[in-house]
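Note: the block below is structure_20.txt and it holds compact mmCIF, C-alpha atoms.
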```txt
# COMPACT_ATOMS: atom_id res chain seq x y z
CA MET V 101 109.90 156.90 73.53
CA GLN V 102 113.55 156.11 72.83
CA LEU V 103 114.37 155.21 69.27
CA GLY V 104 115.85 151.84 70.30
CA VAL V 105 112.70 150.86 72.18
CA TYR V 106 110.65 152.05 69.21
CA TYR V 107 112.46 149.73 66.81
CA ASP V 108 112.37 146.87 69.34
CA ASN V 109 108.57 146.92 69.19
CA TYR V 110 108.61 146.45 65.44
CA LEU V 111 111.25 143.74 65.78
CA LEU V 112 108.81 141.79 67.97
CA VAL V 113 106.12 142.21 65.30
CA LEU V 114 108.56 140.86 62.70
CA ILE V 115 109.34 137.85 64.92
CA PHE V 116 105.63 137.11 65.25
CA ILE V 117 105.14 137.24 61.48
CA LEU V 118 108.14 134.96 60.86
CA LEU V 119 106.96 132.49 63.50
CA GLY V 120 103.47 132.56 61.98
CA ILE V 121 104.99 131.54 58.64
CA ALA V 122 107.32 129.00 60.24
CA LEU V 123 104.63 127.00 62.08
CA PRO V 124 102.70 125.82 59.00
CA VAL V 125 105.92 125.18 57.07
CA VAL V 126 107.47 123.11 59.89
CA ALA V 127 104.25 121.24 60.68
CA LEU V 128 103.62 120.33 57.03
CA THR V 129 107.24 119.23 56.55
CA PHE V 130 107.05 117.09 59.67
CA GLY V 131 103.71 115.68 58.54
CA ARG V 132 105.39 114.39 55.37
CA PHE V 133 107.03 111.63 57.45
CA VAL V 134 103.86 110.35 59.11
CA ARG V 135 101.20 110.67 56.42
CA PRO V 136 100.57 108.25 53.57
CA HIS V 137 101.10 109.32 49.97
CA ASN V 138 99.13 107.45 47.33
CA PRO V 139 97.62 109.71 44.66
CA TYR V 140 95.77 108.29 41.66
CA PRO V 141 93.75 110.13 38.97
CA ALA V 142 90.32 109.54 40.50
CA LYS V 143 91.52 110.86 43.84
CA THR V 144 93.24 113.97 42.51
CA SER V 145 90.44 115.09 40.20
CA PRO V 146 88.39 118.11 41.39
CA TYR V 147 85.50 117.19 43.68
CA GLU V 148 82.12 117.85 42.16
CA SER V 149 79.83 115.74 44.34
CA GLY V 150 80.84 112.55 42.58
CA ILE V 151 80.01 113.72 39.07
CA LYS V 152 82.80 113.91 36.51
CA PRO V 153 84.03 117.53 36.56
CA GLU V 154 82.93 119.51 33.54
CA GLY V 155 85.31 122.15 32.15
CA ASP V 156 87.62 124.54 33.95
CA ALA V 157 86.52 126.19 37.19
CA GLN V 158 88.61 129.34 36.79
CA VAL V 159 85.99 131.14 34.74
CA ARG V 160 84.48 134.64 34.63
CA TYR V 161 82.06 135.39 37.42
CA HIS V 162 79.28 137.83 38.09
CA VAL V 163 80.02 141.55 37.72
CA ALA V 164 78.34 142.31 41.06
CA TYR V 165 81.48 141.17 42.84
CA TYR V 166 83.60 143.79 41.03
CA ILE V 167 81.15 146.53 41.98
CA ILE V 168 81.26 145.48 45.62
CA ALA V 169 85.06 145.58 45.42
CA LEU V 170 84.95 149.13 43.99
CA GLU V 171 82.58 150.27 46.74
CA PHE V 172 84.89 148.69 49.29
CA ILE V 173 87.90 150.65 48.01
CA ILE V 174 86.01 153.95 48.22
CA PHE V 175 84.90 153.36 51.79
CA ASP V 176 88.18 151.85 52.90
CA VAL V 177 90.07 154.95 51.72
CA GLU V 178 87.51 156.99 53.64
CA THR V 179 88.33 155.16 56.85
CA VAL V 180 92.05 155.70 56.21
CA PHE V 181 91.33 159.45 56.11
CA MET V 182 89.25 159.29 59.27
CA TYR V 183 91.74 157.49 61.52
CA PRO V 184 94.31 160.31 61.82
CA TRP V 185 91.46 162.81 62.13
CA ALA V 186 89.94 160.83 65.03
CA VAL V 187 93.25 160.82 66.91
CA VAL V 188 93.71 164.61 66.84
CA LEU V 189 90.04 165.66 67.00
CA TYR V 190 90.38 167.03 70.55
CA GLN V 191 92.95 169.52 69.25
CA LEU V 192 91.08 170.45 66.08
CA GLY V 193 87.84 171.46 67.80
CA TRP V 194 84.81 172.67 65.85
CA VAL V 195 86.73 173.50 62.65
CA GLY V 196 88.04 169.96 62.28
CA LEU V 197 84.67 168.51 63.19
CA ASN V 198 82.86 170.57 60.54
CA MET V 199 85.34 169.55 57.87
CA MET V 200 84.86 165.87 58.65
CA LEU V 201 81.08 166.25 58.79
CA ILE V 202 81.19 167.70 55.26
CA PHE V 203 83.43 164.80 54.18
CA ILE V 204 81.05 162.24 55.71
CA ALA V 205 78.06 164.00 54.14
CA ILE V 206 79.63 163.75 50.66
CA LEU V 207 80.33 160.04 51.18
CA ALA V 208 76.85 159.45 52.54
CA LEU V 209 75.57 161.12 49.38
CA GLY V 210 77.64 158.68 47.35
CA LEU V 211 76.22 155.76 49.32
CA ALA V 212 72.69 157.07 48.80
CA TYR V 213 73.38 157.41 45.06
CA SER V 214 74.61 153.83 44.72
CA TRP V 215 71.65 152.74 46.85
CA LYS V 216 69.25 154.50 44.46
CA LYS V 217 71.09 153.12 41.40
CA LYS V 218 70.50 149.62 42.88
CA VAL V 219 74.22 148.88 42.92
CA LEU V 220 73.80 147.39 46.39
CA GLU V 221 71.03 145.05 45.26
CA TRP V 222 72.20 141.47 44.98
CA ASN V 223 70.54 139.26 42.41
CA MET F 141 114.05 143.87 75.20
CA ASP F 142 116.50 141.21 74.17
CA VAL F 143 115.97 139.43 70.86
CA ILE F 144 116.09 136.01 72.56
CA LEU F 145 113.52 137.17 75.09
CA MET F 146 111.28 138.28 72.22
CA VAL F 147 111.56 134.90 70.47
CA VAL F 148 110.73 133.18 73.78
CA TYR F 149 107.71 135.48 74.27
CA ALA F 150 106.49 134.79 70.72
CA GLY F 151 106.98 131.03 71.26
CA ILE F 152 105.05 131.07 74.52
CA VAL F 153 102.20 133.07 72.97
CA MET F 154 102.08 130.63 70.06
CA ASN F 155 101.87 127.60 72.36
CA LEU F 156 99.23 129.19 74.56
CA LEU F 157 97.34 130.15 71.43
CA LEU F 158 97.40 126.59 70.06
CA GLY F 159 96.09 125.37 73.42
CA GLY F 160 93.52 128.16 73.44
CA VAL F 161 92.27 127.23 69.97
CA THR F 162 91.96 123.60 71.07
CA PHE F 163 89.70 124.57 73.92
CA ALA F 164 87.83 127.25 71.97
CA ILE F 165 86.76 124.53 69.52
CA LEU F 166 85.74 122.20 72.35
CA PHE F 167 83.93 125.09 74.11
CA GLU F 168 82.00 125.84 70.93
CA ARG F 169 80.99 122.22 70.35
CA LYS F 170 79.98 121.75 73.98
CA VAL F 171 77.93 124.95 74.11
CA ILE F 172 76.12 124.14 70.88
CA GLY F 173 75.66 120.55 72.05
CA TYR F 174 73.98 121.53 75.30
CA MET F 175 71.84 124.14 73.53
CA GLN F 176 70.59 121.40 71.21
CA LEU F 177 69.97 119.04 74.17
CA ARG F 178 72.84 116.66 73.44
CA PRO F 179 76.09 116.25 75.39
CA GLY F 180 78.54 117.21 72.63
CA PRO F 181 81.93 115.46 72.41
CA ASN F 182 82.40 113.30 75.51
CA ARG F 183 84.44 110.20 74.57
CA HIS F 184 88.07 111.33 74.65
CA GLY F 185 89.24 112.24 78.11
CA PRO F 186 87.09 113.57 80.95
CA TRP F 187 84.28 115.82 79.63
CA GLY F 188 85.67 115.36 76.11
CA LEU F 189 88.70 117.50 76.90
CA LEU F 190 91.00 115.58 74.55
CA GLN F 191 88.60 115.53 71.60
CA THR F 192 90.30 118.31 69.60
CA ILE F 193 93.75 116.88 70.25
CA ALA F 194 92.53 113.57 68.84
CA ASP F 195 91.11 115.39 65.82
CA VAL F 196 94.38 117.21 65.14
CA THR F 197 96.37 113.99 65.43
CA LYS F 198 94.01 112.35 62.97
CA LEU F 199 94.42 115.21 60.50
CA LEU F 200 98.20 114.97 60.79
CA MET F 201 98.07 111.29 59.80
CA LYS F 202 95.80 111.87 56.80
CA GLU F 203 96.99 111.96 53.22
CA ASP F 204 97.65 115.40 51.77
CA ILE F 205 95.81 115.49 48.44
CA ILE F 206 96.68 118.21 45.94
CA PRO F 207 94.28 118.13 42.97
CA ASN F 208 96.06 117.64 39.65
CA GLU F 209 94.33 120.64 38.08
CA ALA F 210 95.11 122.92 40.99
CA ASP F 211 97.55 125.83 40.76
CA LYS F 212 100.01 124.07 43.04
CA LYS F 213 102.14 127.01 44.25
CA ILE F 214 99.18 129.17 45.21
CA PHE F 215 97.34 126.15 46.62
CA VAL F 216 100.25 125.45 49.00
CA LEU F 217 100.74 129.10 49.92
CA ALA F 218 97.09 129.84 50.79
CA PRO F 219 96.87 128.22 54.27
CA VAL F 220 100.15 129.85 55.30
CA LEU F 221 98.88 133.24 54.20
CA ALA F 222 95.65 132.66 56.10
CA PHE F 223 97.40 131.74 59.34
CA ALA F 224 100.46 134.03 59.55
CA PRO F 225 98.58 137.40 59.67
CA ALA F 226 96.02 136.06 62.14
CA PHE F 227 98.90 135.08 64.44
CA ALA F 228 100.83 138.33 63.85
CA VAL F 229 97.92 140.23 65.42
CA PHE F 230 98.89 138.78 68.80
CA ALA F 231 102.21 140.66 68.74
CA VAL F 232 100.56 143.89 69.89
CA LEU F 233 97.76 142.69 72.19
CA PRO F 234 98.21 143.76 75.83
CA PHE F 235 96.87 141.00 78.12
CA THR F 236 97.49 142.72 81.46
CA GLU F 237 99.13 145.90 82.67
CA ASN F 238 102.55 144.25 82.75
CA LEU F 239 102.13 141.42 80.25
CA SER F 240 102.03 142.78 76.74
CA GLY F 241 103.90 142.40 73.49
CA ALA F 242 104.94 145.25 71.23
CA ASP F 243 103.66 148.60 72.48
CA LEU F 244 102.91 150.18 69.10
CA ASN F 245 101.34 153.61 69.09
CA ILE F 246 99.36 152.58 65.99
CA GLY F 247 98.17 149.33 67.63
CA ILE F 248 94.61 149.29 66.28
CA LEU F 249 95.59 150.34 62.78
CA TYR F 250 98.16 147.52 62.73
CA ILE F 251 95.61 144.92 63.88
CA LEU F 252 92.93 145.96 61.38
CA GLY F 253 95.47 146.19 58.56
CA VAL F 254 97.27 142.92 59.15
CA SER F 255 94.18 140.87 59.92
CA SER F 256 92.58 141.74 56.58
CA ILE F 257 95.43 139.96 54.77
CA THR F 258 93.70 136.73 55.91
CA MET F 259 91.17 137.41 53.13
CA LEU F 260 93.91 136.83 50.55
CA GLY F 261 94.35 133.29 51.87
CA VAL F 262 90.66 132.63 51.30
CA LEU F 263 90.75 134.04 47.78
CA MET F 264 93.94 132.18 46.82
CA GLY F 265 92.69 128.90 48.29
CA GLY F 266 89.39 129.13 46.43
CA TRP F 267 90.81 130.22 43.10
CA SER F 268 93.76 127.83 42.98
CA SER F 269 91.67 124.74 43.84
CA ASN F 270 90.14 124.84 40.35
CA ASN F 271 86.88 123.63 41.81
CA LYS F 272 83.53 125.31 41.26
CA TYR F 273 82.42 125.04 44.87
CA SER F 274 85.70 126.54 46.03
CA LEU F 275 85.53 129.43 43.59
CA LEU F 276 81.94 130.26 44.52
CA GLY F 277 82.74 129.97 48.21
CA SER F 278 85.79 132.19 48.00
CA ILE F 279 84.29 135.01 45.93
CA ARG F 280 81.23 134.98 48.17
CA GLY F 281 83.54 135.06 51.17
CA ILE F 282 85.56 137.96 49.81
CA ALA F 283 82.45 139.98 48.94
CA GLN F 284 81.10 139.38 52.44
CA MET F 285 84.38 140.07 54.23
CA VAL F 286 85.10 143.34 52.40
CA SER F 287 81.53 144.50 52.91
CA TYR F 288 81.68 143.92 56.66
CA GLU F 289 85.28 145.12 57.02
CA ILE F 290 84.01 148.70 56.61
CA PRO F 291 81.45 148.75 59.46
CA LEU F 292 83.98 146.87 61.63
CA VAL F 293 86.66 149.50 61.02
CA LEU F 294 84.20 152.39 61.34
CA SER F 295 82.76 151.13 64.62
CA VAL F 296 86.19 151.38 66.27
CA LEU F 297 86.51 155.04 65.23
CA GLY F 298 84.10 156.26 67.91
CA ILE F 299 86.41 154.93 70.60
CA ILE F 300 89.46 156.50 68.97
CA VAL F 301 87.67 159.85 68.87
CA LEU F 302 87.03 159.57 72.62
CA VAL F 303 90.50 158.37 73.57
CA GLY F 304 92.56 160.34 71.06
CA SER F 305 95.07 157.52 70.60
CA LEU F 306 95.48 154.36 68.55
CA ASN F 307 97.47 152.66 71.30
CA LEU F 308 95.65 149.71 72.90
CA ARG F 309 97.06 150.36 76.37
CA ASP F 310 95.89 153.98 76.20
CA ILE F 311 92.39 152.76 75.34
CA VAL F 312 92.25 150.53 78.42
CA GLY F 313 93.83 153.30 80.50
CA TYR F 314 91.15 155.75 79.37
CA GLN F 315 88.40 153.34 80.42
CA GLU F 316 90.08 153.05 83.81
CA SER F 317 90.22 156.83 84.18
CA ILE F 318 86.55 157.45 83.34
CA GLY F 319 85.56 154.41 85.43
CA ILE F 320 83.20 152.93 82.84
CA TRP F 321 83.69 150.38 80.07
CA PHE F 322 83.16 151.59 76.51
CA ILE F 323 80.28 149.17 75.99
CA ILE F 324 78.01 151.72 77.75
CA PRO F 325 78.96 155.01 76.01
CA GLN F 326 79.65 153.23 72.71
CA PHE F 327 76.78 150.74 72.72
CA LEU F 328 75.86 151.38 69.09
CA ALA F 329 79.47 150.77 68.06
CA PHE F 330 79.48 147.53 70.04
CA ILE F 331 76.41 146.21 68.24
CA VAL F 332 77.95 147.07 64.85
CA TYR F 333 81.27 145.51 65.88
CA PHE F 334 79.62 142.33 67.15
CA ILE F 335 77.54 141.74 64.03
CA SER F 336 80.32 142.59 61.59
CA SER F 337 82.78 140.39 63.47
CA ILE F 338 80.49 137.40 62.86
CA ALA F 339 80.36 138.15 59.13
CA GLU F 340 84.08 138.91 59.00
CA LEU F 341 84.86 135.49 60.48
CA ASN F 342 82.34 133.70 58.22
CA ARG F 343 80.63 132.29 61.26
CA SER F 344 77.05 131.06 61.37
CA PRO F 345 74.49 132.67 60.76
CA PHE F 346 76.68 134.43 58.16
CA ASP F 347 78.63 131.34 57.08
CA LEU F 348 77.66 131.65 53.40
CA PRO F 349 81.18 131.00 52.08
CA GLU F 350 81.09 127.57 53.70
CA ALA F 351 77.39 126.85 53.37
CA GLU F 352 77.55 123.04 53.57
CA SER F 353 74.16 122.49 52.04
CA GLU F 354 75.08 124.46 48.89
CA LEU F 355 78.85 124.55 48.51
CA VAL F 356 80.08 121.33 50.23
CA SER F 357 82.72 123.20 52.24
CA GLY F 358 83.31 126.43 50.34
CA TYR F 359 86.83 127.62 49.67
CA HIS F 360 88.54 124.70 51.42
CA THR F 361 86.61 121.92 49.67
CA GLU F 362 89.78 120.59 48.01
CA TYR F 363 91.96 120.89 51.10
CA SER F 364 92.63 117.79 53.14
CA GLY F 365 94.73 116.69 56.08
CA PHE F 366 96.94 119.25 57.74
CA ARG F 367 96.43 121.98 55.15
CA PHE F 368 92.74 121.92 56.02
CA ALA F 369 93.72 121.99 59.69
CA PHE F 370 95.64 125.21 59.09
CA PHE F 371 92.59 126.87 57.56
CA MET F 372 90.62 125.92 60.66
CA LEU F 373 93.46 127.05 62.91
CA ALA F 374 93.63 130.40 61.08
CA GLU F 375 89.89 130.85 61.48
CA TYR F 376 89.95 130.23 65.22
CA THR F 377 93.15 132.25 65.73
CA TYR F 378 91.45 135.16 64.02
CA ALA F 379 88.32 134.58 66.14
CA ILE F 380 90.37 134.72 69.34
CA ALA F 381 92.15 137.86 68.10
CA ILE F 382 88.86 139.60 67.29
CA SER F 383 87.36 138.71 70.67
CA ALA F 384 90.54 139.83 72.46
CA LEU F 385 90.32 143.13 70.59
CA ALA F 386 86.65 143.43 71.61
CA THR F 387 87.67 142.84 75.23
CA ILE F 388 90.22 145.65 75.03
CA LEU F 389 87.94 148.05 73.17
CA PHE F 390 84.57 147.52 74.82
CA PHE F 391 85.06 145.60 78.08
CA GLY F 392 88.03 147.39 79.63
CA GLY F 393 90.64 144.68 78.95
CA TRP F 394 92.14 143.44 82.21
CA LEU F 395 90.15 145.84 84.42
CA GLY F 396 87.89 144.27 87.02
CA PRO F 397 87.39 143.78 90.77
CA ALA F 398 90.72 142.98 92.45
CA PHE F 399 89.84 139.52 93.82
CA LEU F 400 90.91 137.95 90.53
CA PRO F 401 94.12 138.80 88.63
CA GLY F 402 93.82 140.88 85.45
CA ILE F 403 94.61 138.06 83.06
CA ILE F 404 91.71 135.98 84.42
CA TRP F 405 89.33 138.90 83.86
CA PHE F 406 90.69 139.27 80.35
CA LEU F 407 90.10 135.60 79.53
CA LEU F 408 86.64 135.57 81.16
CA LYS F 409 85.51 138.58 79.11
CA MET F 410 86.91 137.01 75.96
CA ALA F 411 85.05 133.76 76.68
CA ALA F 412 81.84 135.71 77.32
CA PHE F 413 82.18 137.52 73.99
CA MET F 414 82.79 134.22 72.17
CA PHE F 415 79.83 132.65 73.96
CA GLY F 416 77.69 135.32 72.27
CA TRP F 417 78.79 134.03 68.86
CA TYR F 418 78.09 130.41 69.79
CA TRP F 419 74.70 131.33 71.14
CA LEU F 420 73.77 133.01 67.85
CA ARG F 421 75.11 130.03 65.89
CA ALA F 422 72.89 127.65 67.83
CA THR F 423 69.87 129.95 67.53
CA LEU F 424 69.67 131.45 64.06
CA PRO F 425 69.39 129.85 60.61
CA ARG F 426 71.76 130.92 57.82
CA ALA F 427 71.07 134.31 56.22
CA ARG F 428 70.49 134.67 52.49
CA VAL F 429 73.24 136.27 50.35
CA ASP F 430 71.21 139.31 49.28
CA HIS F 431 69.92 139.88 52.82
CA LEU F 432 73.46 139.73 54.14
CA MET F 433 74.87 142.23 51.65
CA ASN F 434 71.91 144.59 52.05
CA PHE F 435 72.21 144.51 55.82
CA GLY F 436 75.90 145.39 55.73
CA TRP F 437 75.65 148.28 53.29
CA LYS F 438 72.24 149.72 54.14
CA VAL F 439 72.07 149.25 57.91
CA LEU F 440 75.48 148.75 59.50
CA ILE F 441 77.50 151.36 57.54
CA PRO F 442 74.97 154.18 58.08
CA LEU F 443 74.73 153.17 61.76
CA ALA F 444 78.51 153.22 62.15
CA LEU F 445 78.75 156.63 60.45
CA LEU F 446 75.96 157.94 62.70
CA ASN F 447 77.87 156.71 65.75
CA ILE F 448 81.00 158.59 64.62
CA VAL F 449 79.06 161.81 64.03
CA ILE F 450 77.31 161.65 67.42
CA THR F 451 80.47 160.71 69.29
CA SER F 452 82.61 163.41 67.69
CA ILE F 453 80.01 166.13 68.28
CA ILE F 454 79.77 165.15 71.96
CA LYS F 455 83.56 165.01 72.21
CA VAL F 456 84.01 168.53 70.81
CA TRP F 457 81.03 169.82 72.81
CA MET F 458 82.58 168.62 76.05
CA GLY F 459 85.76 170.43 75.02
CA GLY F 460 87.98 167.37 74.56
```

Take the structure in this file and express it as structure tokens.
Amino acid sequence: MQLGVYYDNYLLVLIFILLGIALPVVALTFGRFVRPHNPYPAKTSPYESGIKPEGDAQVRYHVAYYIIALEFIIFDVETVFMYPWAVVLYQLGWVGLNMMLIFIAILALGLAYSWKKKVLEWN
Amino acid sequence: MDVILMVVYAGIVMNLLLGGVTFAILFERKVIGYMQLRPGPNRHGPWGLLQTIADVTKLLMKEDIIPNEADKKIFVLAPVLAFAPAFAVFAVLPFTENLSGADLNIGILYILGVSSITMLGVLMGGWSSNNKYSLLGSIRGIAQMVSYEIPLVLSVLGIIVLVGSLNLRDIVGYQESIGIWFIIPQFLAFIVYFISSIAELNRSPFDLPEAESELVSGYHTEYSGFRFAFFMLAEYTYAIAISALATILFFGGWLGPAFLPGIIWFLLKMAAFMFGWYWLRATLPRARVDHLMNFGWKVLIPLALLNIVITSIIKVWMGG
């Protein structure tokens, strides 16, 4: 592929991203002229099913969410390793396959460990 | 390609997409309506065709309420950040042999990478609203989306092992050359992809982040008017992107008997895939949080890994 064509493809991607940002910005700016604007304290207070909101909502939450996030990072990095491997597998042959099987086995062991440690239990 | 031509292409795709979202919403409401023995929307225009347009116009005319305790900058940014990546996915999708956007050789990697930015919009929207329902909805949503992101990404790997390329056109070309769609040799991957796509999009029966009966409306409880509309638009844009990707990966993209043009086949397959989601939504009740997380980690991830192992052994066995 020619270098110019190569960059052109990424230019199109950039145009799509910019247009994706532009649409909400333009639509919301345009909407400013047609929508009413009448805020008062009762309307702008946080919605809590009609009850007066109690305290701040930006509080600490359950630790289980952090553990799920950690597990996600481990497995997401794994997939990042596996993508280039999958593309060239037909050139690597048995050697490359065995290496990845060992890699998957180690990760499966990790998953089994967190399974046994009840990290994946949600309560 | 000329820059002006690219802008025109992006503009056309955006307009078609907005139209497509309009009818995807109507399609969903009609399908669910008929499955529940009621006609669905039928007042605006013939067969209710103008219903969504009426809804969007209404949302445009509604007041835009920003809660006084909200983190205003992040609150305003969240719907934009939810929509822009979902739309950027369409830059690389090939619709037919001749009609396609950017021909990236890392097409799939780009789609999976960019589309996961949508999660940030959910997190920012929920956190900045300073509302307990929103916070609960968004952290639930993030936990669910990251858990199901992994089986989704892993299920695609089997196909990449077979094709040996990340380019979307190569994947369709490979299916043409072996004369069979990947849904047959990669059936396990398809099941994993289908289930994780439902969870990834927070659709029913995995719509826990928006569980109306518990969380009012989840992460967009505090959003009103057009900002709310952009969250919905982002959701459906992402849904169309995921089903278009499924069409390319598992149903041979634009391939099909020659009596219909390729683009029609593409759209028909996409609609069939989406119909599967709607069918499940009308059939199943909402899953419980712990069931959902257990299912993702203990069933789908091992299944996806098993699929990769089997596929790669067969690939090397056959000698590439």

Would you write out, as a Markdown table, a table of all residues in chain V that have an atom no more than 7 Å from an atom of chain F, listing for each the closest atom pair and the distance in Å to one decimal, considering all atoms listed in the file and ordering rows by chain and rising residue number?
```
| residue | atom | partner | partner_atom | distance |
| --- | --- | --- | --- | --- |
| V:Asp108 | CA | F:Met141 | CA | 6.8 |
| V:Asn109 | CA | F:Ala242 | CA | 4.5 |
| V:Tyr110 | CA | F:Ala242 | CA | 7.0 |
| V:Leu112 | CA | F:Met146 | CA | 6.0 |
| V:Val113 | CA | F:Ala231 | CA | 5.4 |
| V:Ile115 | CA | F:Val147 | CA | 6.7 |
| V:Phe116 | CA | F:Ala228 | CA | 5.1 |
| V:Ile117 | CA | F:Ala228 | CA | 5.0 |
| V:Gly120 | CA | F:Ala224 | CA | 4.1 |
| V:Ile121 | CA | F:Ala224 | CA | 5.2 |
| V:Pro124 | CA | F:Val220 | CA | 6.0 |
| V:Leu128 | CA | F:Phe366 | CA | 6.8 |
| V:Gly131 | CA | F:Leu200 | CA | 6.0 |
| V:Val134 | CA | F:Met201 | CA | 5.9 |
| V:Arg135 | CA | F:Met201 | CA | 4.6 |
| V:Pro136 | CA | F:Glu203 | CA | 5.2 |
| V:His137 | CA | F:Glu203 | CA | 5.9 |
| V:Thr144 | CA | F:Pro207 | CA | 4.3 |
| V:Ser145 | CA | F:Pro207 | CA | 5.6 |
| V:Pro146 | CA | F:Asn271 | CA | 5.7 |
| V:Tyr147 | CA | F:Asn271 | CA | 6.8 |
| V:Asp156 | CA | F:Asn270 | CA | 6.9 |
| V:Ala157 | CA | F:Asn270 | CA | 5.0 |
| V:Gln158 | CA | F:Asn270 | CA | 5.9 |
| V:Tyr165 | CA | F:Ala283 | CA | 6.3 |
| V:Ile168 | CA | F:Ala283 | CA | 6.5 |
| V:Phe172 | CA | F:Val286 | CA | 6.2 |
| V:Phe175 | CA | F:Ile290 | CA | 6.8 |
| V:Asp176 | CA | F:Ile290 | CA | 6.4 |
| V:Thr179 | CA | F:Leu294 | CA | 6.7 |
| V:Tyr183 | CA | F:Leu297 | CA | 6.9 |
| V:Ala186 | CA | F:Val301 | CA | 4.6 |
| V:Val187 | CA | F:Gly304 | CA | 4.2 |
| V:Val188 | CA | F:Gly304 | CA | 6.1 |
| V:Leu189 | CA | F:Val301 | CA | 6.5 |
| V:Tyr190 | CA | F:Gly460 | CA | 4.7 |
| V:Gly193 | CA | F:Val456 | CA | 5.7 |
| V:Trp194 | CA | F:Val456 | CA | 6.5 |
| V:Leu220 | CA | F:Asn434 | CA | 6.6 |
| V:Glu221 | CA | F:Asn434 | CA | 6.9 |
| V:Trp222 | CA | F:Asp430 | CA | 4.9 |
| V:Asn223 | CA | F:Asp430 | CA | 6.9 |
```

Around (85.8, 147.4, 89.0) in the file's frame, which residues reach within 10 Å when counting all atoms listed in the file? Return as a list in words?
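Counting all atoms listed in the file, I find these residues within 10 Å of (85.8, 147.4, 89.0): Glu316, Gly319, Ile320, Trp321, Gly392, Leu395, Gly396, Pro397 and Ala398 of chain F.
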
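Here CA of Arg421 (chain F) is placed at a distance of 5.8 Å from CA of Pro345 (chain F).
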
If you measure from CA of His360 (chain F) to CA of Gly265 (chain F), what distance in Å do you get, rounded to one decimal?
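Computing the Euclidean distance for CA of His360 (chain F) and CA of Gly265 (chain F) yields 6.7 Å.
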
Just to confirm, what's the straight-line distance from CA of Pro325 (chain F) to CA of Val177 (chain V) in Å (one decimal)?
26.7 Å

Counting only C-alpha atoms, find the residues whose atoms lie at most 9 Å from (70.4, 129.8, 74.5) (file coordinates) and write them out as a VMD selection string.
chain F and resid 171 to 172 175 419 to 420 422 to 423
